[in-house]
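Quick notes on the structure that follows.
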Amino acid sequence: MSNYLTEDRIAAALAAATQPEGETPWHLLLTRPPTTHADVRMAIARRRNPNLGELSGKDERTIRAEASRAEIVQGLARRDGYLAATAAAEHILSTTPVLPVDVDVRLAEWNDGPVLVINFHQAPHQVREFASHFGTAVAELPHGEGRVRIETTGTVAGVRFEAYTLADVPAVAE
């Protein structure tokens, strides 16, 4: 997934935000705003854990300011993830030969990016047709007693997808 966190975009988001009282003003901070997941998480962790704050050598007002600024950057990154996922979903839905029952956007941690979860309700043939269209392999996995999960995974426009259905295992003639 692309990362659109440019310095200009971050600066605009910070300019539009209201900084909490009691913090070092953002424009006076000696550090640049974080642009990676690890840096954002560390800034937020320093505010939550006094021991990490002490190790950084920064005062409490600065630690709080860096954390509030990091939360804004995190929000931008999460928004980018959702927008990338909806764009990928639009592409999938406009090109797939079979329409799913539903498409969910799942956005866990920022660094993992979004995942589209595409459900074809009790339609193994549709999952296979979908996989053929997007050039992905199909897997059949046991899913409880007498059930199988038929799935395919791949990437569209840098966004991961997982398309699946559940089906009954055919009875074996004895």
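Chain lettering (A, B, ...) mirrors the order of the structure tokens, residue numbering begins at 1 for each chain separately, and ligand numbering begins at 1 in order of display.
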
Write out as a short mmCIF file (atom, residue, chain, number, x, y, z; two decimals) with N, CA, C and O atoms, in the first residue's frame the residues lying within 7 Å of region 78-95 of chain A, counting only C-alpha atoms and excluding same-chain residues fewer than 4 positions away.
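Everything below was put into part.cif:
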```
data_model
loop_
_atom_site.label_atom_id
_atom_site.label_comp_id
_atom_site.auth_asym_id
_atom_site.auth_seq_id
_atom_site.Cartn_x
_atom_site.Cartn_y
_atom_site.Cartn_z
N GLN A 74 -1.05 9.20 12.86
CA GLN A 74 -1.64 7.87 12.82
C GLN A 74 -3.03 7.91 12.17
O GLN A 74 -3.38 7.06 11.38
N LEU A 99 -20.46 -11.26 -8.46
CA LEU A 99 -20.58 -10.31 -7.36
C LEU A 99 -20.70 -11.02 -6.02
O LEU A 99 -21.49 -11.97 -5.89
N VAL A 105 -14.08 -4.04 4.85
CA VAL A 105 -12.75 -3.46 4.94
C VAL A 105 -12.28 -3.67 6.36
O VAL A 105 -12.94 -3.27 7.31
N TRP A 110 -1.68 0.03 11.36
CA TRP A 110 -1.32 0.82 10.19
C TRP A 110 -0.27 0.10 9.35
O TRP A 110 -0.37 0.05 8.12
N GLY A 113 -1.56 -2.58 6.90
CA GLY A 113 -2.41 -2.12 5.82
C GLY A 113 -3.80 -2.76 5.88
O GLY A 113 -4.08 -3.60 6.71
N PRO A 114 -4.65 -2.34 4.98
CA PRO A 114 -6.02 -2.84 4.97
C PRO A 114 -6.12 -4.21 4.32
O PRO A 114 -5.24 -4.61 3.57
N LEU A 116 -9.30 -6.50 2.35
CA LEU A 116 -10.69 -6.63 1.92
C LEU A 116 -11.10 -8.08 2.14
O LEU A 116 -10.42 -8.99 1.66
N VAL A 156 -4.72 -6.39 -4.91
CA VAL A 156 -5.18 -5.51 -5.99
C VAL A 156 -4.82 -4.09 -5.59
O VAL A 156 -5.17 -3.65 -4.49
N ALA A 157 -4.11 -3.40 -6.44
CA ALA A 157 -3.71 -2.00 -6.20
C ALA A 157 -3.02 -1.85 -4.84
O ALA A 157 -3.23 -0.87 -4.14
N VAL A 159 -3.52 -3.52 -2.16
CA VAL A 159 -4.38 -3.88 -1.03
C VAL A 159 -4.64 -5.39 -1.06
O VAL A 159 -5.03 -5.95 -2.09
#
```

#### Entry: Shell of 8 Å around Val148 (chain A), only C-alpha atoms, local chain residues under 2 positions omitted, as a ChimeraX atom specification
/A:140-144,146,150,166-169

### Query
Pick from A:Thr35, A:Thr96, A:Gln122, A:Thr24: nearest to Asp59 (chain A), with only C-alpha atoms counted?
A:Thr24

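Near Ser56 (chain A), within 12 Å and counting only C-alpha atoms, sit Met42, Ala43, Ala45, Arg46, Arg47, Asn49, Pro50, Asn51, Leu52, Gly53, Asp59, Glu60, Thr62, Ile63 and Glu66 of chain A; same-chain residues fewer than 3 positions away were not included.
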
### Query
When you draw a straight line from CA of Gly135 (chain A) to CA of Val98 (chain A), how long is it in Å?
14.4 Å

### Message
Quick check for you: according to DSSP on this backbone, which residues of chain A are classed as helix (DSSP H, G or I)? Reply as JSON, numbers by chain.
### Response
{"A": [7, 8, 9, 10, 11, 12, 13, 14, 15, 16, 26, 27, 28, 37, 38, 39, 40, 41, 42, 43, 44, 45, 46, 47, 48, 50, 51, 52, 53, 54, 55, 56, 60, 61, 62, 63, 64, 65, 66, 67, 68, 69, 70, 71, 72, 73, 74, 75, 76, 77, 78, 79, 80, 81, 82, 83, 84, 85, 86, 87, 88, 89, 90, 91, 92, 93, 94, 95, 110, 111, 112, 124, 125, 126, 127, 128, 129, 130, 131, 132, 133, 134]}

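Distances from A:Ala65, A:Leu30, A:Ala38, A:Leu55 to Thr18 (chain A) were compared using only C-alpha atoms, and the smallest one belongs to A:Ala65.
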
#### Entry: strand (DSSP E or B) per DSSP on the backbone: members of region 55-150 of chain A, as a count of residues only
21

### Nearest to Ala16 (chain A) by atom-to-atom distance, counting only C-alpha atoms, from A:Ala163, A:Ala67, A:Val40, A:Ile72
A:Ile72

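Going from CA of Thr155 (chain A) over to CA of Thr6 (chain A), you cover 24.3 Å.
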
### Task
Would you mind listing what lies within 10 Å of Tyr164 (chain A) as a PyMOL selection string, with only C-alpha atoms counted and same-chain residues fewer than 6 positions away left out?
chain A and resi 100+117-124+126-128+130-131+138-140+149-153

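Proximity ranking of A:His125, A:Glu7, A:Gly75, A:Ala70 relative to Gln19 (chain A) places A:Ala70 first, based on only C-alpha atoms.
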
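Across the structure, CA of Pro34 (chain A) and CA of Glu21 (chain A) are spaced 20.7 Å apart.
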